[in-house]
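Source file: work.pdb; contents: PDB, C-alpha atoms.
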```
ATOM      1  CA  MET S 284       0.000   0.000   0.000
ATOM      2  CA  SER S 285       1.425   3.432  -0.909
ATOM      3  CA  GLN S 286       1.930   6.184   1.626
ATOM      4  CA  ARG S 287      -0.724   8.305  -0.041
ATOM      5  CA  GLU S 288      -3.333   5.541   0.193
ATOM      6  CA  PHE S 289      -2.328   4.848   3.816
ATOM      7  CA  ALA S 290      -2.688   8.508   4.690
ATOM      8  CA  LEU S 291      -6.019   8.701   2.879
ATOM      9  CA  ARG S 292      -7.385   5.685   4.747
ATOM     10  CA  ALA S 293      -6.100   7.005   8.078
ATOM     11  CA  GLY S 294      -7.641  10.383   7.424
ATOM     12  CA  LEU S 295     -10.928   8.782   6.407
ATOM     13  CA  ALA S 296     -11.008   6.732   9.618
ATOM     14  CA  ALA S 297     -10.284   9.813  11.652
ATOM     15  CA  ALA S 298     -12.952  11.769   9.832
ATOM     16  CA  LEU S 299     -15.537   9.073  10.452
ATOM     17  CA  SER S 300     -14.600   9.007  14.143
ATOM     18  CA  LEU S 301     -14.886  12.748  14.353
ATOM     19  CA  ALA S 302     -18.202  12.639  12.520
ATOM     20  CA  ALA S 303     -19.566  10.118  14.983
ATOM     21  CA  PHE S 304     -18.355  12.288  17.866
ATOM     22  CA  GLY S 305     -19.714  15.394  16.248
ATOM     23  CA  ALA S 306     -23.121  13.827  15.672
ATOM     24  CA  VAL S 307     -23.381  13.442  19.441
ATOM     25  CA  ALA S 308     -21.658  16.656  20.449
ATOM     26  CA  ALA S 309     -23.145  18.989  17.811
ATOM     27  CA  PRO S 310     -25.102  21.787  19.385
ATOM     28  CA  PRO S 311     -28.853  21.685  18.807
ATOM     29  CA  ASP S 312     -28.805  25.220  17.379
ATOM     30  CA  ASP S 313     -26.731  24.106  14.314
ATOM     31  CA  PRO S 314     -29.438  22.666  11.965
ATOM     32  CA  GLU S 315     -27.548  23.337   8.698
ATOM     33  CA  ILE S 316     -24.553  21.268   9.753
ATOM     34  CA  GLY S 317     -26.935  18.581  10.986
ATOM     35  CA  ARG S 318     -28.671  18.439   7.604
ATOM     36  CA  LEU S 319     -25.340  18.165   5.789
ATOM     37  CA  SER S 320     -24.200  15.418   8.102
ATOM     38  CA  GLN S 321     -27.482  13.589   7.603
ATOM     39  CA  ARG S 322     -27.155  13.820   3.800
ATOM     40  CA  LEU S 323     -23.697  12.333   3.966
ATOM     41  CA  THR S 324     -24.810   9.619   6.378
ATOM     42  CA  VAL S 325     -27.602   8.618   4.007
ATOM     43  CA  LEU S 326     -25.104   8.553   1.167
ATOM     44  CA  GLU S 327     -22.770   6.255   3.100
ATOM     45  CA  ALA S 328     -25.510   3.996   4.471
ATOM     46  CA  SER S 329     -26.233   2.246   1.165
ATOM     47  CA  PRO S 330     -24.125  -0.874   0.506
ATOM     48  CA  ASP S 331     -23.984   0.100  -3.175
ATOM     49  CA  THR S 332     -21.921   3.185  -2.329
ATOM     50  CA  ALA S 333     -19.358   1.479  -0.084
ATOM     51  CA  GLN S 334     -16.656   1.445  -2.756
ATOM     52  CA  VAL S 335     -17.486   4.609  -4.696
ATOM     53  CA  GLY S 336     -16.727   8.239  -4.034
ATOM     54  CA  THR S 337     -14.479   7.390  -1.082
ATOM     55  CA  PHE S 338     -12.202  10.401  -1.395
ATOM     56  CA  GLU S 339     -15.075  12.840  -1.991
ATOM     57  CA  ARG S 340     -16.997  11.509   1.021
ATOM     58  CA  TYR S 341     -13.876  11.842   3.142
ATOM     59  CA  ARG S 342     -13.427  15.476   2.110
ATOM     60  CA  ALA S 343     -17.104  16.157   2.772
ATOM     61  CA  ARG S 344     -16.768  14.745   6.305
ATOM     62  CA  GLN S 345     -13.743  16.892   6.899
ATOM     63  CA  ALA S 346     -15.574  19.986   5.644
ATOM     64  CA  ILE S 347     -18.550  19.272   7.910
ATOM     65  CA  GLU S 348     -16.271  18.848  10.901
ATOM     66  CA  ASP S 349     -14.396  22.031  10.016
ATOM     67  CA  ALA S 350     -17.719  23.877   9.823
ATOM     68  CA  ARG S 351     -18.738  22.443  13.180
ATOM     69  CA  GLN S 352     -15.476  23.610  14.754
ATOM     70  CA  ALA S 353     -15.381  26.980  12.945
ATOM     71  CA  ARG S 354     -15.627  30.236  14.816
ATOM     72  CA  SER S 355     -18.774  32.257  14.441
ATOM     73  CA  ARG S 356     -17.326  34.696  11.930
ATOM     74  CA  ASP S 357     -16.046  31.834   9.720
ATOM     75  CA  ARG S 358     -19.057  29.539  10.114
ATOM     76  CA  VAL S 359     -21.059  30.805   7.102
ATOM     77  CA  GLU S 360     -18.190  30.249   4.684
ATOM     78  CA  ALA S 361     -17.303  26.911   6.277
ATOM     79  CA  VAL S 362     -20.901  25.691   5.999
ATOM     80  CA  ARG S 363     -21.018  26.822   2.354
ATOM     81  CA  LEU S 364     -17.818  24.861   1.641
ATOM     82  CA  ALA S 365     -19.179  21.790   3.444
ATOM     83  CA  ASP S 366     -22.365  22.010   1.407
ATOM     84  CA  ARG S 367     -20.359  22.075  -1.830
ATOM     85  CA  ARG S 368     -18.254  19.105  -0.671
ATOM     86  CA  VAL S 369     -21.357  17.085   0.250
ATOM     87  CA  GLU S 370     -22.971  17.932  -3.082
ATOM     88  CA  THR S 371     -19.761  16.946  -4.878
ATOM     89  CA  ALA S 372     -19.701  13.632  -3.027
ATOM     90  CA  GLU S 373     -23.335  12.978  -3.983
ATOM     91  CA  ILE S 374     -22.642  13.766  -7.640
ATOM     92  CA  VAL S 375     -19.536  11.575  -7.741
ATOM     93  CA  VAL S 376     -21.320   8.672  -6.069
ATOM     94  CA  ARG S 377     -24.281   8.905  -8.447
ATOM     95  CA  THR S 378     -21.943   9.217 -11.430
ATOM     96  CA  GLN S 379     -19.863   6.190 -10.449
ATOM     97  CA  LEU S 380     -22.975   4.133  -9.732
ATOM     98  CA  ALA S 381     -24.367   5.125 -13.113
ATOM     99  CA  GLN S 382     -21.052   4.176 -14.733
ATOM    100  CA  ARG S 383     -21.210   0.785 -13.022
ATOM    101  CA  GLU S 384     -24.700   0.284 -14.371
ATOM    102  CA  LEU S 385     -23.595   1.372 -17.848
ATOM    103  CA  ASP S 386     -20.701  -1.092 -17.707
ATOM    104  CA  ARG S 387     -23.068  -3.885 -16.665
ATOM    105  CA  LEU S 388     -25.503  -3.018 -19.448
ATOM    106  CA  ASP S 389     -22.610  -2.811 -21.910
ATOM    107  CA  ARG S 390     -21.476  -6.312 -20.932
ATOM    108  CA  GLU S 391     -25.010  -7.618 -21.350
ATOM    109  CA  ARG S 392     -25.273  -5.850 -24.709
ATOM    110  CA  SER S 393     -21.991  -7.420 -25.848
ATOM    111  CA  GLU S 394     -23.210 -10.855 -24.826
ATOM    112  CA  LEU S 395     -26.483 -10.292 -26.649
ATOM    113  CA  LEU S 396     -24.634  -9.079 -29.743
ATOM    114  CA  VAL S 397     -22.455 -12.185 -29.723
ATOM    115  CA  GLU S 398     -25.506 -14.401 -29.426
ATOM    116  CA  ALA S 399     -27.338 -12.424 -32.116
ATOM    117  CA  SER S 400     -24.305 -12.642 -34.406
ATOM    118  CA  ARG S 401     -24.201 -16.401 -33.947
ATOM    119  CA  ARG S 402     -27.891 -16.688 -34.762
ATOM    120  CA  ASP S 403     -27.492 -14.330 -37.723
ATOM    121  CA  ALA S 404     -24.608 -16.455 -38.987
ATOM    122  CA  ASP S 405     -26.757 -19.600 -38.750
ATOM    123  CA  ARG S 406     -29.591 -17.869 -40.589
ATOM    124  CA  ALA S 407     -27.171 -16.515 -43.195
ATOM    125  CA  ARG S 408     -25.753 -19.990 -43.838
ATOM    126  CA  ALA S 409     -29.250 -21.453 -44.166
ATOM    127  CA  GLU S 410     -30.300 -18.646 -46.526
ATOM    128  CA  ALA S 411     -27.135 -19.073 -48.610
ATOM    129  CA  GLU S 412     -27.821 -22.789 -48.953
ATOM    130  CA  ARG S 413     -31.428 -22.096 -49.955
ATOM    131  CA  LEU S 414     -30.309 -19.587 -52.577
ATOM    132  CA  ARG S 415     -27.686 -22.011 -53.896
ATOM    133  CA  VAL S 416     -30.286 -24.773 -54.349
ATOM    134  CA  GLN S 417     -32.688 -22.291 -55.947
ATOM    135  CA  ALA S 418     -29.994 -21.055 -58.347
ATOM    136  CA  GLN S 419     -29.113 -24.641 -59.284
ATOM    137  CA  ILE S 420     -32.766 -25.417 -60.012
ATOM    138  CA  GLN S 421     -33.077 -22.260 -62.119
ATOM    139  CA  ALA S 422     -29.895 -23.125 -64.043
ATOM    140  CA  GLU S 423     -31.183 -26.631 -64.770
ATOM    141  CA  GLU S 424     -34.534 -25.215 -65.910
ATOM    142  CA  ALA S 425     -32.783 -22.654 -68.139
ATOM    143  CA  GLU S 426     -30.688 -25.422 -69.720
ATOM    144  CA  ARG S 427     -33.807 -27.515 -70.337
ATOM    145  CA  LEU S 428     -35.553 -24.558 -71.981
ATOM    146  CA  ARG S 429     -32.465 -23.841 -74.112
ATOM    147  CA  GLN S 430     -32.341 -27.420 -75.353
ATOM    148  CA  ALA S 431     -36.082 -27.343 -76.100
ATOM    149  CA  ALA S 432     -35.642 -24.077 -78.022
ATOM    150  CA  ASP S 433     -32.737 -25.555 -80.026
ATOM    151  CA  GLN S 434     -34.809 -28.616 -80.882
ATOM    152  CA  GLU S 435     -37.758 -26.449 -81.910
ATOM    153  CA  ALA S 436     -35.505 -24.264 -84.107
ATOM    154  CA  ALA S 437     -34.015 -27.356 -85.776
ATOM    155  CA  ALA S 438     -37.482 -28.783 -86.411
ATOM    156  CA  ARG S 439     -38.670 -25.457 -87.872
ATOM    157  CA  GLN S 440     -35.634 -25.240 -90.136
ATOM    158  CA  GLN S 441     -36.227 -28.783 -91.331
ATOM    159  CA  ALA S 442     -39.894 -28.047 -92.008
ATOM    160  CA  GLU S 443     -38.984 -24.890 -93.935
ATOM    161  CA  GLY S 444     -36.517 -26.914 -96.008
ATOM    162  CA  LEU S 445     -39.187 -29.445 -96.860
ATOM    163  CA  LEU S 446     -41.593 -26.669 -97.837
ATOM    164  CA  ASP S 447     -38.914 -25.123-100.072
ATOM    165  CA  ASP S 448     -38.366 -28.510-101.764
ATOM    166  CA  VAL S 449     -42.086 -28.984-102.329
ATOM    167  CA  ALA S 450     -42.479 -25.442-103.666
ATOM    168  CA  GLY S 451     -39.488 -25.926-105.978
ATOM    169  CA  LYS S 452     -40.894 -29.170-107.336
ATOM    170  CA  GLN S 453     -44.303 -27.599-107.910
ATOM    171  CA  ALA S 454     -42.717 -24.658-109.715
ATOM    172  CA  ALA S 455     -40.703 -27.034-111.914
ATOM    173  CA  LYS S 456     -43.830 -29.025-112.765
ATOM    174  CA  LEU S 457     -45.657 -25.814-113.616
ATOM    175  CA  ARG S 458     -42.878 -24.650-115.924
ATOM    176  CA  ALA S 459     -42.785 -28.039-117.613
ATOM    177  CA  ALA S 460     -46.544 -27.980-118.135
ATOM    178  CA  ARG S 461     -46.399 -24.510-119.656
ATOM    179  CA  GLU S 462     -43.598 -25.539-121.967
ATOM    180  CA  ARG S 463     -45.596 -28.569-123.123
ATOM    181  CA  ASP S 464     -48.637 -26.391-123.757
ATOM    182  CA  ALA S 465     -46.529 -23.949-125.744
ATOM    183  CA  GLU S 466     -45.003 -26.786-127.804
ATOM    184  CA  LEU S 467     -48.408 -28.251-128.557
ATOM    185  CA  ALA S 468     -49.701 -24.832-129.545
ATOM    186  CA  ARG S 469     -46.758 -24.283-131.879
ATOM    187  CA  LYS S 470     -47.221 -27.636-133.578
ATOM    188  CA  GLU S 471     -50.933 -27.011-133.974
ATOM    189  CA  ALA S 472     -50.214 -23.630-135.554
ATOM    190  CA  GLU S 473     -47.804 -25.242-137.996
ATOM    191  CA  LEU S 474     -50.404 -27.721-139.015
ATOM    192  CA  LEU S 475     -52.959 -24.993-139.517
ATOM    193  CA  GLY S 476     -50.465 -22.645-141.215
ATOM    194  CA  THR S 477     -50.843 -19.903-138.622
ATOM    195  CA  ASP S 478     -48.395 -18.215-136.340
ATOM    196  CA  ALA S 479     -47.813 -19.949-133.080
ATOM    197  CA  PRO S 480     -49.291 -18.114-130.100
ATOM    198  CA  PRO S 481     -46.823 -16.713-127.665
ATOM    199  CA  ALA S 482     -45.887 -18.909-124.753
ATOM    200  CA  THR S 483     -47.538 -16.446-122.387
ATOM    201  CA  PRO S 484     -50.505 -14.185-123.192
ATOM    202  CA  PRO S 485     -49.520 -10.510-123.747
ATOM    203  CA  LYS S 486     -50.286  -8.058-120.990
ATOM    204  CA  PRO S 487     -53.244  -5.761-121.754
ATOM    205  CA  LYS S 488     -52.240  -2.190-122.611
ATOM    206  CA  SER S 489     -53.315   0.437-120.174
ATOM    207  CA  LYS S 490     -55.798   2.942-121.522
ATOM    208  CA  LYS S 491     -54.585   6.549-121.858
ATOM    209  CA  LYS S 492     -56.653   9.146-120.126
TER     210      LYS S 492
END
```
Would you mind writing the file's structure down as structure tokens?
Amino acid sequence: MSQREFALRAGLAAALSLAAFGAVAAPPDDPEIGRLSQRLTVLEASPDTAQVGTFERYRARQAIEDARQARSRDRVEAVRLADRRVETAEIVVRTQLAQRELDRLDRERSELLVEASRRDADRARAEAERLRVQAQIQAEEAERLRQAADQEAAARQQAEGLLDDVAGKQAAKLRAARERDAELARKEAELLGTDAPPATPPKPKSKKK
């Protein structure tokens, strides 16, 4: 233990002893000092404040005792100082208690975040697996549709080829028939001594307006 801590503890013990003595010996016509002492006693009575604001409570006890022992002309200023020290002790104790509570809540929050992260990771893995299966199904369906489209295009091309063959054969037959008709007409004209008709009838002339 350092000398400063030893001195602080010794002073605190002395201040508490003096406070206990002063609580008994304080004159009844000193209500302000009594109220300050009562405020500090209430502050020290809670087990939650046993380890917080030790130095500030010690200084407040000293200030109260100094005010109790002050001469009449110095009492007003001494009481004002004691009041500030008691108020400072109250603020420090409340602040440190609030910080303790914040630390506790922060630890709980960290634990909850860890648990939530673990659950989120499990959900993320499950969702990733679901999306992977869905993507695989969609890829297989797209491949099936592509193959069906290729087969349909091949069938259409084959059908168009057959239609072209049929149309070509029909056109060839038509040309052959026309040529035979023209040959027959020419031979008939020779037999009759007339000019052979043209292979195709002439187009009618358009009338001039």
If we count all atoms listed in the file, what is near Val362 in chain S at a cut-off of 12 Å, once residues fewer than 5 positions away on the same chain are taken out, given as an MDAnalysis selection string? chainID S and resid 313:320 343:357 367:369
Could you state which residues are captured by the PyMOL selection byres ((chain S and resi 335) around 12) in this file, as a PyMOL selection string? chain S and resi 326-327+329-334+336-341+372-383
Give me the box for range 393-411 of chain S as AutoDock Vina command-line options, namely the centre and edge lengths in Å to one decimal of a box along x, y and z that holds every listed atom plus 5 Å on each side.
```
--center_x -26.1 --center_y -14.4 --center_z -36.7 --size_x 18.3 --size_y 24.0 --size_z 33.8
```
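Put simply, CA of Asp464 in chain S is 24.4 Å away from CA of Asp448 in chain S.
Of note, CA of Ala365 in chain S and CA of Gln321 in chain S are spaced 12.4 Å apart.
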Mind filling out range 431-453 of chain S with N, CA and C atoms and sending it as an mmCIF file, in the frame of the given file?
```cif
data_model
loop_
_atom_site.group_PDB
_atom_site.id
_atom_site.type_symbol
_atom_site.label_atom_id
_atom_site.label_comp_id
_atom_site.auth_asym_id
_atom_site.auth_seq_id
_atom_site.Cartn_x
_atom_site.Cartn_y
_atom_site.Cartn_z
ATOM 1 N N ALA S 431 -34.782 -27.269 -75.430
ATOM 2 C CA ALA S 431 -36.082 -27.343 -76.100
ATOM 3 C C ALA S 431 -36.164 -26.316 -77.225
ATOM 4 N N ALA S 432 -35.622 -25.102 -76.981
ATOM 5 C CA ALA S 432 -35.642 -24.077 -78.022
ATOM 6 C C ALA S 432 -34.763 -24.488 -79.203
ATOM 7 N N ASP S 433 -33.599 -25.088 -78.939
ATOM 8 C CA ASP S 433 -32.737 -25.555 -80.026
ATOM 9 C C ASP S 433 -33.439 -26.636 -80.854
ATOM 10 N N GLN S 434 -34.101 -27.560 -80.164
ATOM 11 C CA GLN S 434 -34.809 -28.616 -80.882
ATOM 12 C C GLN S 434 -35.947 -28.048 -81.723
ATOM 13 N N GLU S 435 -36.660 -27.067 -81.161
ATOM 14 C CA GLU S 435 -37.758 -26.449 -81.910
ATOM 15 C C GLU S 435 -37.234 -25.708 -83.132
ATOM 16 N N ALA S 436 -36.080 -24.991 -82.977
ATOM 17 C CA ALA S 436 -35.505 -24.264 -84.107
ATOM 18 C C ALA S 436 -35.047 -25.231 -85.193
ATOM 19 N N ALA S 437 -34.454 -26.368 -84.793
ATOM 20 C CA ALA S 437 -34.015 -27.356 -85.776
ATOM 21 C C ALA S 437 -35.205 -27.947 -86.521
ATOM 22 N N ALA S 438 -36.283 -28.235 -85.770
ATOM 23 C CA ALA S 438 -37.482 -28.783 -86.411
ATOM 24 C C ALA S 438 -38.093 -27.773 -87.375
ATOM 25 N N ARG S 439 -38.113 -26.478 -86.988
ATOM 26 C CA ARG S 439 -38.670 -25.457 -87.872
ATOM 27 C C ARG S 439 -37.834 -25.326 -89.133
ATOM 28 N N GLN S 440 -36.513 -25.353 -88.973
ATOM 29 C CA GLN S 440 -35.634 -25.240 -90.136
ATOM 30 C C GLN S 440 -35.830 -26.419 -91.079
ATOM 31 N N GLN S 441 -35.996 -27.601 -90.496
ATOM 32 C CA GLN S 441 -36.227 -28.783 -91.331
ATOM 33 C C GLN S 441 -37.550 -28.675 -92.072
ATOM 34 N N ALA S 442 -38.583 -28.192 -91.364
ATOM 35 C CA ALA S 442 -39.894 -28.047 -92.008
ATOM 36 C C ALA S 442 -39.839 -27.012 -93.126
ATOM 37 N N GLU S 443 -39.110 -25.907 -92.896
ATOM 38 C CA GLU S 443 -38.984 -24.890 -93.935
ATOM 39 C C GLU S 443 -38.232 -25.444 -95.139
ATOM 40 N N GLY S 444 -37.233 -26.293 -94.890
ATOM 41 C CA GLY S 444 -36.517 -26.914 -96.008
ATOM 42 C C GLY S 444 -37.416 -27.810 -96.832
ATOM 43 N N LEU S 445 -38.250 -28.586 -96.140
ATOM 44 C CA LEU S 445 -39.187 -29.445 -96.860
ATOM 45 C C LEU S 445 -40.170 -28.620 -97.681
ATOM 46 N N LEU S 446 -40.654 -27.520 -97.089
ATOM 47 C CA LEU S 446 -41.593 -26.669 -97.837
ATOM 48 C C LEU S 446 -40.915 -26.066 -99.058
ATOM 49 N N ASP S 447 -39.640 -25.661 -98.911
ATOM 50 C CA ASP S 447 -38.914 -25.123 -100.072
ATOM 51 C C ASP S 447 -38.771 -26.173 -101.164
ATOM 52 N N ASP S 448 -38.487 -27.428 -100.775
ATOM 53 C CA ASP S 448 -38.366 -28.510 -101.764
ATOM 54 C C ASP S 448 -39.675 -28.730 -102.489
ATOM 55 N N VAL S 449 -40.768 -28.764 -101.705
ATOM 56 C CA VAL S 449 -42.086 -28.984 -102.329
ATOM 57 C C VAL S 449 -42.422 -27.835 -103.263
ATOM 58 N N ALA S 450 -42.173 -26.599 -102.817
ATOM 59 C CA ALA S 450 -42.479 -25.442 -103.666
ATOM 60 C C ALA S 450 -41.626 -25.460 -104.931
ATOM 61 N N GLY S 451 -40.351 -25.852 -104.805
ATOM 62 C CA GLY S 451 -39.488 -25.926 -105.978
ATOM 63 C C GLY S 451 -39.965 -26.965 -106.974
ATOM 64 N N LYS S 452 -40.386 -28.120 -106.437
ATOM 65 C CA LYS S 452 -40.894 -29.170 -107.336
ATOM 66 C C LYS S 452 -42.179 -28.735 -108.027
ATOM 67 N N GLN S 453 -43.065 -28.071 -107.306
ATOM 68 C CA GLN S 453 -44.303 -27.599 -107.910
ATOM 69 C C GLN S 453 -44.014 -26.564 -108.992
#
```
